[in-house]
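J.: Quick one: the structure is below, and I'll ask about it shortly.
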Amino acid sequence: MKTISIIIPAYNVEDYIARCLESIIKQTYKNLEIIVVNDCSTDGTKEIIEKYINIDERIKVVNHAVNSGLFRARVTGVQHSSGDYIGFVDSDDYISEDYYGELIEKAEESNADIVVGNLVQEDEQGYRWIQNLYNDYDFGTLEKEDLWNAYWEQEGQLFIWHTIWNKLYSRDIWEKALPILDKQQKHLIMCEDFVFSSVLFYFANKLSSVKYGKYYYYRNQNASTALNGGIKKYKKNIDDLVLSFKFVQSFLEEKGLSDLNWNHYHRWEALYKYFWTNNVTQSDLADEDKTALLKILAQNLIGNDIPSHPNYFYSVSTEYDSRYDEIVKLICSDEIEVVSFDIFDTALLRPFYKPTDVFELMNDKFKELCGYDCNFAAIRIEAEKIVRQKYIYEAVQPKEDISIADIYCEIKEILGLTDEQISQLMVYEIEIEGNYLYRRNSIYHLYKIAKSIGKKVSFTSDMYLGKDVLSNILHKNGYTDYDELLISCDCNASKRTGSLYNVLIDRFGVNSYSILHIGDNWDSDVCKAIDNNIRTAFYARPLDCLLYNISDIKTSHSLGGVKGRINSWINYEKITEYFGNRCALAVVANELYDMPFVSYNEWSESNASPQFFGYYYLGIHLLGFVKWLSDNAKNNNLNKMVFIARDGYLPMMAFDILKKYGINSKIKSDYFYTSRKAAIPCGIKRKEDLLNLYSYYANRNLCGTDIIDDLVDLLNLSNVEVVDSAAKRKINSFESFVSFTKDILYVLFDEKKAENYNRKCENYISKVFNDNCALVDIGYSGRTQEMIYKVTGKSIDGYYVHSNSDDLDKREKNYNFNVKLFYDFSPAITGSQRELLFSKLAPSCIKYKTDDEFNICFEQYEIEYPHFYLISEIQKNALKFVDMFYEKFAGISDNMYMRNVDISMPFEHILAYIEDTDLRMFDCITFEDDLWAGGKVKLSNQWRDFANYHKLRPSFKNNVEYKTEYVKEYIKVEDDNPAWTLYNKNGFEERNIIKKAIFWFICDRDFFKKRLVDKLSKSNTVKN
């Protein structure tokens, strides 16, 4: 067994060191070397350490002769360590029992040099919270150059990258890094993590991450890095900051760094310079002290490229839900000897909305075996009901539960089938169950904890499938080592009546109160267990969490339609009447609520989580769209689908995922670089065609040279006098455009250049659009097909998400192409929001250059890290959902019936009704729209404006900073307005529930009704 050396630097932490050490010695992974480096503490820290040395022989202390600072204390700890892996815990922090066990398992499994753990923050009052924008971030697996580049590209904005205490390191990279780090002999506290990480990541070959174990980061106001104290402490912190950056810069100069990563380094420097400039200017220091400190910063840190959103990742936080940790703690306690797990919807999950959906997959098999059509799924459901009534509720000597054999005997009687047919159907059902059941990872983690610390384990289930069948299924999913498998149909005892718990107690021969049972059914897994004096942990079914069926587990309200809401003229209640829709929702739920105790922000629809937004909202819409594309491509015998840059990027990536699973694998995909701007000169063959360009330039204030720049490949610019006069012309109306065109463009237009330009464009376009193909775009009006027709004479059919006017119909008629629409309506929120989510994070094509050879010219492109992070995480998780869906259902995709508007309802819901908390995710995106908006546009502001324009539901947020301005926007602010008076007087959050109800009744009746229904329908634990 490999050893982990855990380094704990300690300086005057008598109030915290015991808690820290207690959490480490209670780790489920026992092979630890615990090294406390006492950095000359002057309080009772040393005595507490010595006490713990006597308690646990794994602890040893290294005492510094002089106070050397946090950096040297860590180095000392590593120098005195002997473990195969090295980790750090700061002395005022602590960790969950499973923290290092999960980290080392991942390190060994993935052969990673660095494994990143999960983080929860805690203040001095004991309040714990997570930061929503990165809490669900999965580092994935990064290697070598990709890892090194990823470390630098976040530019210090996402601090979990460069903190040293949330990771486990291989000794190998420490042995390479230590000679370099040991050169830094000065007392260093502030920014020391940056020094360590910059060197360690240089030597790392591979990084992975984990998600369950927790590092509790204590926000200690008296810590050495805290912003309190006088000029001496401020100067020390700033000197440390300068020292850290100069050390790292020297290291990078020695090792070499790409120009791009040097840019990242200087932005990192600028960010910290900005933070400390603010710290100084906002401090209580004397003015002359502030001036001196600011001078040190200005002289020593040269970076000035400050990010637009320096605190982006910390803009949304949510109280941490610790119930999973409490289950871990209970499993690890000495009071528990046996851990019992329910199987279905607890240890194992089905990708189905309801358990009986599995029978939908048997209809074709029935037809194959029996030779005629039959709704076998319905017969299978009814047969089970009959058998349960016959053997459990009406029998003189009732059974506790039925078996699958009982059910198929009844089916034989109903349908008159042969023994062979019945046998084959029963075997097929068992096979399907085995194929579709898969492991619930958060429960598997609990199972591994229980086994690793020597607890007895039982799987205890009410089920008609027998022990042999379930044993094979459990084994297939990694549950290979357990002490008992108690199944109701085998034991003739059930959890439903509580009798199976008696069997459980008897089998283990222990006190019932030393058994912990974990399951998803409130009645049979909780109430009946409690009746037998067994401890319980309610572990909700993922879909119940997503559907808001559990009163104390929060989630989005986007699926209100599934529970009966009729939105406008669309009855969304029918969503779950479609098998494909149901399966998609189950796949969403099983991922997002695998661990049900999500720290969910109740004032959001996506938990302000890019990962949640991508996997659920964008993912489920993307699935519907690419399935529709795939079905159409197959039905129309297409050989190629051409996706239009840039918003065709994500559909193309999803389309290629389908090919990975053998769906339309012979249909090629291609990517066509174009844009509205690049297409302006295309198809202009006569000077009279130039007047048709007005639609591109309408409603804009332009200079004549702007238009000349767009059309330069068609113009002869040798007439200097005319060219110079163009600069003086302003184009801001139809009349001014016509005048400019006739006076300037007609004179400069060169038909030979235009012919040459169009011929080279035709060659490029014809190479892409060949071989019986169609194009794919979000929409809207058919301009791309018009351009293709004018340049090549080809009529190219297309597939759009939607159109916005009959311009598309006119172009279809004029240029002889057909477009099929995913939606036959225009969504309320469209345009930039939809396009940015679908678009490739890459520069836009802005021109086709034809001077010598044909070249595609791209805009200058640079986006800040938060923008890159947000869109890449949303897209990555949307594709992850599509991949997961087809991994489960690729073999039966033809049976996945889903209506386009239904499958996309959650996505359209978040676009239309997005909350301000969710919009904060998008505050980081500003984009140029010179063609239509005439400048920079902030996405979140535009999004909010669109929602207001369409009079969609206003958002009232639980955020003091935004609330007053937002409510004023929707409530007429007058002294006699009762809504405003109620809101404004003493603050809304302090009002009692009756006054809050009055407020919502006045301001938002729909929300009031929903909350009222929720309140009336909720019990303490489960909503019915």
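Ordered as shown in the structure tokens, chains take letters A, B, and onward, while each chain numbers its residues from 1 and ligands are numbered from 1 in the order shown.
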Could you give me, as a PyMOL selection string, the residues within 6 Å of segment 661-674 of chain A, counting only C-alpha atoms and dropping anything in the same chain fewer than 3 positions from it?
T.: chain A and resi 639-645+658+678+845
J.: Let me see the file: selected residues, all heavy atoms, as a PDB file, in the first residue's frame.
T.:
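Result written to part_19.pdb:
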ATOM      1  N   ASN A 639     -25.347  12.366 -48.458  1.00  0.00           N
ATOM      2  CA  ASN A 639     -23.986  11.865 -48.277  1.00  0.00           C
ATOM      3  C   ASN A 639     -23.136  12.774 -47.399  1.00  0.00           C
ATOM      4  O   ASN A 639     -22.102  12.354 -46.893  1.00  0.00           O
ATOM      5  CB  ASN A 639     -23.293  11.712 -49.634  1.00  0.00           C
ATOM      6  CG  ASN A 639     -23.955  10.655 -50.489  1.00  0.00           C
ATOM      7  OD1 ASN A 639     -24.462   9.655 -49.973  1.00  0.00           O
ATOM      8  ND2 ASN A 639     -23.975  10.872 -51.798  1.00  0.00           N
ATOM      9  N   LYS A 640     -23.569  14.025 -47.261  1.00  0.00           N
ATOM     10  CA  LYS A 640     -22.773  14.971 -46.484  1.00  0.00           C
ATOM     11  C   LYS A 640     -23.682  16.029 -45.870  1.00  0.00           C
ATOM     12  O   LYS A 640     -24.646  16.482 -46.485  1.00  0.00           O
ATOM     13  CB  LYS A 640     -21.731  15.655 -47.369  1.00  0.00           C
ATOM     14  CG  LYS A 640     -20.803  16.611 -46.603  1.00  0.00           C
ATOM     15  CD  LYS A 640     -20.090  17.586 -47.525  1.00  0.00           C
ATOM     16  CE  LYS A 640     -18.859  16.957 -48.152  1.00  0.00           C
ATOM     17  NZ  LYS A 640     -18.042  17.991 -48.871  1.00  0.00           N
ATOM     18  N   MET A 641     -23.323  16.418 -44.620  1.00  0.00           N
ATOM     19  CA  MET A 641     -23.951  17.559 -43.960  1.00  0.00           C
ATOM     20  C   MET A 641     -22.876  18.619 -43.760  1.00  0.00           C
ATOM     21  O   MET A 641     -21.834  18.345 -43.170  1.00  0.00           O
ATOM     22  CB  MET A 641     -24.550  17.162 -42.608  1.00  0.00           C
ATOM     23  CG  MET A 641     -25.616  16.097 -42.689  1.00  0.00           C
ATOM     24  SD  MET A 641     -27.123  16.694 -43.491  1.00  0.00           S
ATOM     25  CE  MET A 641     -28.054  17.284 -42.084  1.00  0.00           C
ATOM     26  N   VAL A 642     -23.127  19.822 -44.256  1.00  0.00           N
ATOM     27  CA  VAL A 642     -22.166  20.914 -44.163  1.00  0.00           C
ATOM     28  C   VAL A 642     -22.656  21.902 -43.105  1.00  0.00           C
ATOM     29  O   VAL A 642     -23.738  22.485 -43.243  1.00  0.00           O
ATOM     30  CB  VAL A 642     -21.978  21.628 -45.507  1.00  0.00           C
ATOM     31  CG1 VAL A 642     -20.971  22.771 -45.364  1.00  0.00           C
ATOM     32  CG2 VAL A 642     -21.528  20.647 -46.578  1.00  0.00           C
ATOM     33  N   PHE A 643     -21.865  22.066 -42.061  1.00  0.00           N
ATOM     34  CA  PHE A 643     -22.242  22.922 -40.945  1.00  0.00           C
ATOM     35  C   PHE A 643     -21.607  24.297 -41.134  1.00  0.00           C
ATOM     36  O   PHE A 643     -20.414  24.414 -41.407  1.00  0.00           O
ATOM     37  CB  PHE A 643     -21.798  22.288 -39.631  1.00  0.00           C
ATOM     38  CG  PHE A 643     -22.493  20.980 -39.346  1.00  0.00           C
ATOM     39  CD1 PHE A 643     -22.032  19.794 -39.906  1.00  0.00           C
ATOM     40  CD2 PHE A 643     -23.621  20.944 -38.554  1.00  0.00           C
ATOM     41  CE1 PHE A 643     -22.673  18.594 -39.657  1.00  0.00           C
ATOM     42  CE2 PHE A 643     -24.278  19.750 -38.307  1.00  0.00           C
ATOM     43  CZ  PHE A 643     -23.811  18.568 -38.851  1.00  0.00           C
ATOM     44  N   ILE A 644     -22.415  25.335 -40.969  1.00  0.00           N
ATOM     45  CA  ILE A 644     -21.992  26.687 -41.293  1.00  0.00           C
ATOM     46  C   ILE A 644     -21.291  27.326 -40.099  1.00  0.00           C
ATOM     47  O   ILE A 644     -21.816  27.347 -38.983  1.00  0.00           O
ATOM     48  CB  ILE A 644     -23.203  27.549 -41.725  1.00  0.00           C
ATOM     49  CG1 ILE A 644     -23.936  26.867 -42.887  1.00  0.00           C
ATOM     50  CG2 ILE A 644     -22.757  28.950 -42.116  1.00  0.00           C
ATOM     51  CD1 ILE A 644     -23.076  26.596 -44.095  1.00  0.00           C
ATOM     52  N   ALA A 645     -20.093  27.870 -40.349  1.00  0.00           N
ATOM     53  CA  ALA A 645     -19.344  28.541 -39.284  1.00  0.00           C
ATOM     54  C   ALA A 645     -20.082  29.825 -38.852  1.00  0.00           C
ATOM     55  O   ALA A 645     -20.732  30.473 -39.662  1.00  0.00           O
ATOM     56  CB  ALA A 645     -17.948  28.908 -39.789  1.00  0.00           C
ATOM     57  N   LEU A 658     -22.743  10.879 -32.921  1.00  0.00           N
ATOM     58  CA  LEU A 658     -23.657   9.833 -33.399  1.00  0.00           C
ATOM     59  C   LEU A 658     -22.924   8.850 -34.303  1.00  0.00           C
ATOM     60  O   LEU A 658     -23.144   7.634 -34.225  1.00  0.00           O
ATOM     61  CB  LEU A 658     -24.833  10.459 -34.158  1.00  0.00           C
ATOM     62  CG  LEU A 658     -26.046  10.874 -33.323  1.00  0.00           C
ATOM     63  CD1 LEU A 658     -25.695  11.952 -32.304  1.00  0.00           C
ATOM     64  CD2 LEU A 658     -27.171  11.357 -34.224  1.00  0.00           C
ATOM     65  N   ALA A 678     -18.302  38.325 -44.595  1.00  0.00           N
ATOM     66  CA  ALA A 678     -17.504  37.718 -45.662  1.00  0.00           C
ATOM     67  C   ALA A 678     -18.311  37.565 -46.943  1.00  0.00           C
ATOM     68  O   ALA A 678     -17.753  37.596 -48.050  1.00  0.00           O
ATOM     69  CB  ALA A 678     -16.982  36.358 -45.209  1.00  0.00           C
ATOM     70  N   CYS A 845     -14.718  34.182 -39.681  1.00  0.00           N
ATOM     71  CA  CYS A 845     -14.298  34.472 -41.047  1.00  0.00           C
ATOM     72  C   CYS A 845     -14.892  35.822 -41.454  1.00  0.00           C
ATOM     73  O   CYS A 845     -16.104  36.027 -41.342  1.00  0.00           O
ATOM     74  CB  CYS A 845     -14.794  33.359 -41.964  1.00  0.00           C
ATOM     75  SG  CYS A 845     -14.910  33.792 -43.692  1.00  0.00           S
TER      76      CYS A 845
END
J.: Fewer than 2 positions away in the same chain doesn't count, so skip those; otherwise give me all residues within 10 Å of Leu158 of chain A, counting only C-alpha atoms, as a VMD selection string.
T.: chain A and resid 133 to 134 151 153 to 156 160 to 163 310 to 314 865 to 866 869
J.: Select from segment 369-486 of chain A every residue with an atom at most 12 Å from any atom of segment 211-217 of chain A, then for each give the shortest pair of atoms and their distance in Å to one decimal, using only C-alpha atoms, rows by chain and rising number, as a tab-separated table.
T.:
residue	atom	partner	partner_atom	distance
A:Asn441	CA	A:Tyr212	CA	9.8
A:Ser442	CA	A:Tyr212	CA	7.5
A:Ile443	CA	A:Tyr212	CA	10.5
A:Tyr444	CA	A:Tyr212	CA	11.0
A:His445	CA	A:Tyr212	CA	7.9
A:Leu446	CA	A:Tyr212	CA	9.6
A:Ile449	CA	A:Gly213	CA	10.9
J.: Write the residues of the preceding selection, restricted to C-alpha atoms, as a PDB file, in the first residue's frame.
T.:
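Written file, part-v2.pdb:
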ATOM      1  CA  ASN A 441     -21.232   6.684  -8.655  1.00  0.00           C
ATOM      2  CA  SER A 442     -21.881   8.556  -5.431  1.00  0.00           C
ATOM      3  CA  ILE A 443     -23.277   5.385  -3.822  1.00  0.00           C
ATOM      4  CA  TYR A 444     -20.372   3.385  -5.194  1.00  0.00           C
ATOM      5  CA  HIS A 445     -18.069   5.826  -3.414  1.00  0.00           C
ATOM      6  CA  LEU A 446     -19.926   5.176  -0.129  1.00  0.00           C
ATOM      7  CA  ILE A 449     -15.553   3.660   1.910  1.00  0.00           C
TER       8      ILE A 449
END
J.: List the neighbours of segment 786-790 of chain A out to 10 Å using only C-alpha atoms; skip same-chain residues closer than 3 positions along the sequence, and give me the result as a PDB file with N, CA and C atoms, in the first residue's frame.
T.:
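Result written to result_18.pdb:
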ATOM      1  N   ARG A 676     -21.818  36.813 -42.445  1.00  0.00           N
ATOM      2  CA  ARG A 676     -22.547  37.865 -43.149  1.00  0.00           C
ATOM      3  C   ARG A 676     -21.580  38.866 -43.774  1.00  0.00           C
ATOM      4  N   ALA A 679     -19.628  37.385 -46.800  1.00  0.00           N
ATOM      5  CA  ALA A 679     -20.473  37.122 -47.968  1.00  0.00           C
ATOM      6  C   ALA A 679     -20.847  38.386 -48.733  1.00  0.00           C
ATOM      7  N   ILE A 680     -20.533  39.573 -48.202  1.00  0.00           N
ATOM      8  CA  ILE A 680     -20.985  40.821 -48.836  1.00  0.00           C
ATOM      9  C   ILE A 680     -20.585  40.907 -50.313  1.00  0.00           C
ATOM     10  N   PRO A 681     -19.314  40.676 -50.675  1.00  0.00           N
ATOM     11  CA  PRO A 681     -18.958  40.834 -52.095  1.00  0.00           C
ATOM     12  C   PRO A 681     -19.308  39.625 -52.962  1.00  0.00           C
ATOM     13  N   CYS A 682     -19.662  38.527 -52.360  1.00  0.00           N
ATOM     14  CA  CYS A 682     -19.893  37.304 -53.136  1.00  0.00           C
ATOM     15  C   CYS A 682     -21.134  37.446 -54.010  1.00  0.00           C
ATOM     16  N   GLY A 683     -20.987  37.061 -55.269  1.00  0.00           N
ATOM     17  CA  GLY A 683     -22.118  37.090 -56.188  1.00  0.00           C
ATOM     18  C   GLY A 683     -22.333  38.434 -56.858  1.00  0.00           C
ATOM     19  N   ILE A 684     -21.509  39.432 -56.518  1.00  0.00           N
ATOM     20  CA  ILE A 684     -21.600  40.734 -57.188  1.00  0.00           C
ATOM     21  C   ILE A 684     -20.820  40.623 -58.498  1.00  0.00           C
ATOM     22  N   LYS A 685     -21.548  40.597 -59.630  1.00  0.00           N
ATOM     23  CA  LYS A 685     -20.903  40.385 -60.932  1.00  0.00           C
ATOM     24  C   LYS A 685     -21.050  41.598 -61.860  1.00  0.00           C
ATOM     25  N   ASN A 758     -15.172  35.984 -58.007  1.00  0.00           N
ATOM     26  CA  ASN A 758     -16.269  35.014 -57.938  1.00  0.00           C
ATOM     27  C   ASN A 758     -15.845  33.637 -58.421  1.00  0.00           C
ATOM     28  N   CYS A 761     -13.968  32.100 -55.520  1.00  0.00           N
ATOM     29  CA  CYS A 761     -14.944  31.743 -54.486  1.00  0.00           C
ATOM     30  C   CYS A 761     -15.740  30.506 -54.894  1.00  0.00           C
ATOM     31  N   GLU A 762     -16.067  30.436 -56.165  1.00  0.00           N
ATOM     32  CA  GLU A 762     -16.819  29.280 -56.670  1.00  0.00           C
ATOM     33  C   GLU A 762     -16.022  27.992 -56.485  1.00  0.00           C
ATOM     34  N   ILE A 765     -16.251  27.067 -52.741  1.00  0.00           N
ATOM     35  CA  ILE A 765     -17.601  26.665 -52.333  1.00  0.00           C
ATOM     36  C   ILE A 765     -17.975  25.320 -52.956  1.00  0.00           C
ATOM     37  N   SER A 766     -17.595  25.121 -54.215  1.00  0.00           N
ATOM     38  CA  SER A 766     -17.959  23.875 -54.902  1.00  0.00           C
ATOM     39  C   SER A 766     -17.257  22.665 -54.300  1.00  0.00           C
ATOM     40  N   PHE A 769     -19.487  22.056 -51.082  1.00  0.00           N
ATOM     41  CA  PHE A 769     -20.869  21.642 -51.348  1.00  0.00           C
ATOM     42  C   PHE A 769     -20.917  20.743 -52.576  1.00  0.00           C
ATOM     43  N   SER A 781     -32.537  33.347 -42.654  1.00  0.00           N
ATOM     44  CA  SER A 781     -33.241  33.887 -43.820  1.00  0.00           C
ATOM     45  C   SER A 781     -32.773  33.328 -45.148  1.00  0.00           C
ATOM     46  N   GLY A 782     -31.821  32.402 -45.153  1.00  0.00           N
ATOM     47  CA  GLY A 782     -31.370  31.815 -46.406  1.00  0.00           C
ATOM     48  C   GLY A 782     -30.307  32.614 -47.129  1.00  0.00           C
ATOM     49  N   ARG A 783     -29.646  33.545 -46.455  1.00  0.00           N
ATOM     50  CA  ARG A 783     -28.623  34.354 -47.122  1.00  0.00           C
ATOM     51  C   ARG A 783     -27.461  33.496 -47.632  1.00  0.00           C
ATOM     52  N   GLY A 793     -24.276  28.867 -58.838  1.00  0.00           N
ATOM     53  CA  GLY A 793     -25.458  28.384 -59.543  1.00  0.00           C
ATOM     54  C   GLY A 793     -26.081  27.165 -58.910  1.00  0.00           C
ATOM     55  N   LYS A 794     -25.569  26.736 -57.749  1.00  0.00           N
ATOM     56  CA  LYS A 794     -26.086  25.542 -57.075  1.00  0.00           C
ATOM     57  C   LYS A 794     -27.195  25.921 -56.089  1.00  0.00           C
ATOM     58  N   SER A 795     -28.214  25.087 -56.057  1.00  0.00           N
ATOM     59  CA  SER A 795     -29.288  25.232 -55.064  1.00  0.00           C
ATOM     60  C   SER A 795     -29.041  24.202 -53.965  1.00  0.00           C
ATOM     61  N   ILE A 796     -28.765  24.676 -52.785  1.00  0.00           N
ATOM     62  CA  ILE A 796     -28.404  23.800 -51.670  1.00  0.00           C
ATOM     63  C   ILE A 796     -29.520  23.817 -50.625  1.00  0.00           C
ATOM     64  N   LEU A 808     -36.982  33.957 -45.856  1.00  0.00           N
ATOM     65  CA  LEU A 808     -36.524  32.614 -46.198  1.00  0.00           C
ATOM     66  C   LEU A 808     -37.397  32.025 -47.294  1.00  0.00           C
ATOM     67  N   ARG A 811     -36.540  33.544 -50.646  1.00  0.00           N
ATOM     68  CA  ARG A 811     -35.273  33.058 -51.191  1.00  0.00           C
ATOM     69  C   ARG A 811     -35.392  31.608 -51.646  1.00  0.00           C
ATOM     70  N   GLU A 812     -36.149  30.798 -50.913  1.00  0.00           N
ATOM     71  CA  GLU A 812     -36.374  29.416 -51.365  1.00  0.00           C
ATOM     72  C   GLU A 812     -36.969  29.407 -52.764  1.00  0.00           C
ATOM     73  N   ASN A 814     -36.898  31.967 -55.030  1.00  0.00           N
ATOM     74  CA  ASN A 814     -36.040  32.620 -56.028  1.00  0.00           C
ATOM     75  C   ASN A 814     -34.824  31.783 -56.402  1.00  0.00           C
ATOM     76  N   TYR A 815     -34.306  31.011 -55.452  1.00  0.00           N
ATOM     77  CA  TYR A 815     -33.045  30.301 -55.696  1.00  0.00           C
ATOM     78  C   TYR A 815     -33.209  28.782 -55.646  1.00  0.00           C
ATOM     79  N   ASN A 816     -34.442  28.355 -55.645  1.00  0.00           N
ATOM     80  CA  ASN A 816     -34.775  26.947 -55.892  1.00  0.00           C
ATOM     81  C   ASN A 816     -34.148  25.990 -54.883  1.00  0.00           C
ATOM     82  N   PHE A 817     -34.215  26.328 -53.587  1.00  0.00           N
ATOM     83  CA  PHE A 817     -33.776  25.404 -52.549  1.00  0.00           C
ATOM     84  C   PHE A 817     -34.888  25.239 -51.526  1.00  0.00           C
TER      85      PHE A 817
END
J.: Need to verify the contact set: Asp851 of chain A, 10 Å, only C-alpha atoms, exclusion of same-chain residues closer than 4 positions in sequence. Can you return it as a list of chain:residue names?
T.: A:Asp713, A:Lys753, A:Asn756, A:Tyr757, A:Lys760, A:Asn855
J.: Excluding Ala947 of chain A and residues on its chain fewer than 2 positions from it, collect all residues at most 12 Å away from it, counting only C-alpha atoms, and give them as a ChimeraX atom specification.
T.: /A:827-830,833,908-916,919,940-945,949-955
J.: From the options A:Met653, A:Ile553, A:Ile846, A:Ile871, which residue's atoms come nearest to Asn601 of chain A, counting only C-alpha atoms?
T.: A:Ile553
J.: Using only C-alpha atoms, which residues sit within 12 Å of His475 of chain A once same-chain residues fewer than 6 positions away are excluded, as a compact mmCIF listing (two decimals) with C-alpha atoms, in the first residue's frame?
T.:
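Result file is part.txt:
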# COMPACT_ATOMS: atom_id res chain seq x y z
CA ALA A 347 -26.90 1.55 -5.91
CA LEU A 348 -27.94 1.16 -9.56
CA GLY A 434 -28.64 -6.09 -17.10
CA LEU A 437 -28.65 -0.76 -15.32
CA TYR A 438 -25.54 1.16 -14.40
CA ARG A 439 -23.70 2.22 -11.29
CA PHE A 459 -27.55 -5.14 -0.60
CA LYS A 467 -30.49 -13.31 -6.22
CA ASP A 468 -28.49 -14.93 -9.03
CA VAL A 469 -29.62 -12.32 -11.55
CA ASP A 481 -17.42 -7.64 -2.50
CA TYR A 482 -20.35 -7.77 -0.08
CA LEU A 485 -27.57 -10.03 -0.85
J.: Which residues are close to segment 13-23 of chain A, i.e. within 8 Å by only C-alpha atoms, leaving aside same-chain residues fewer than 5 positions away? Reply as a ChimeraX atom specification.
T.: /A:41,43-45,48-49,52,89-97
J.: Report, in Å to a single decimal, how far apart atom CA of Leu119 of chain A and atom CA of Tyr11 of chain A are.
T.: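 It comes out at 22.8 Å.
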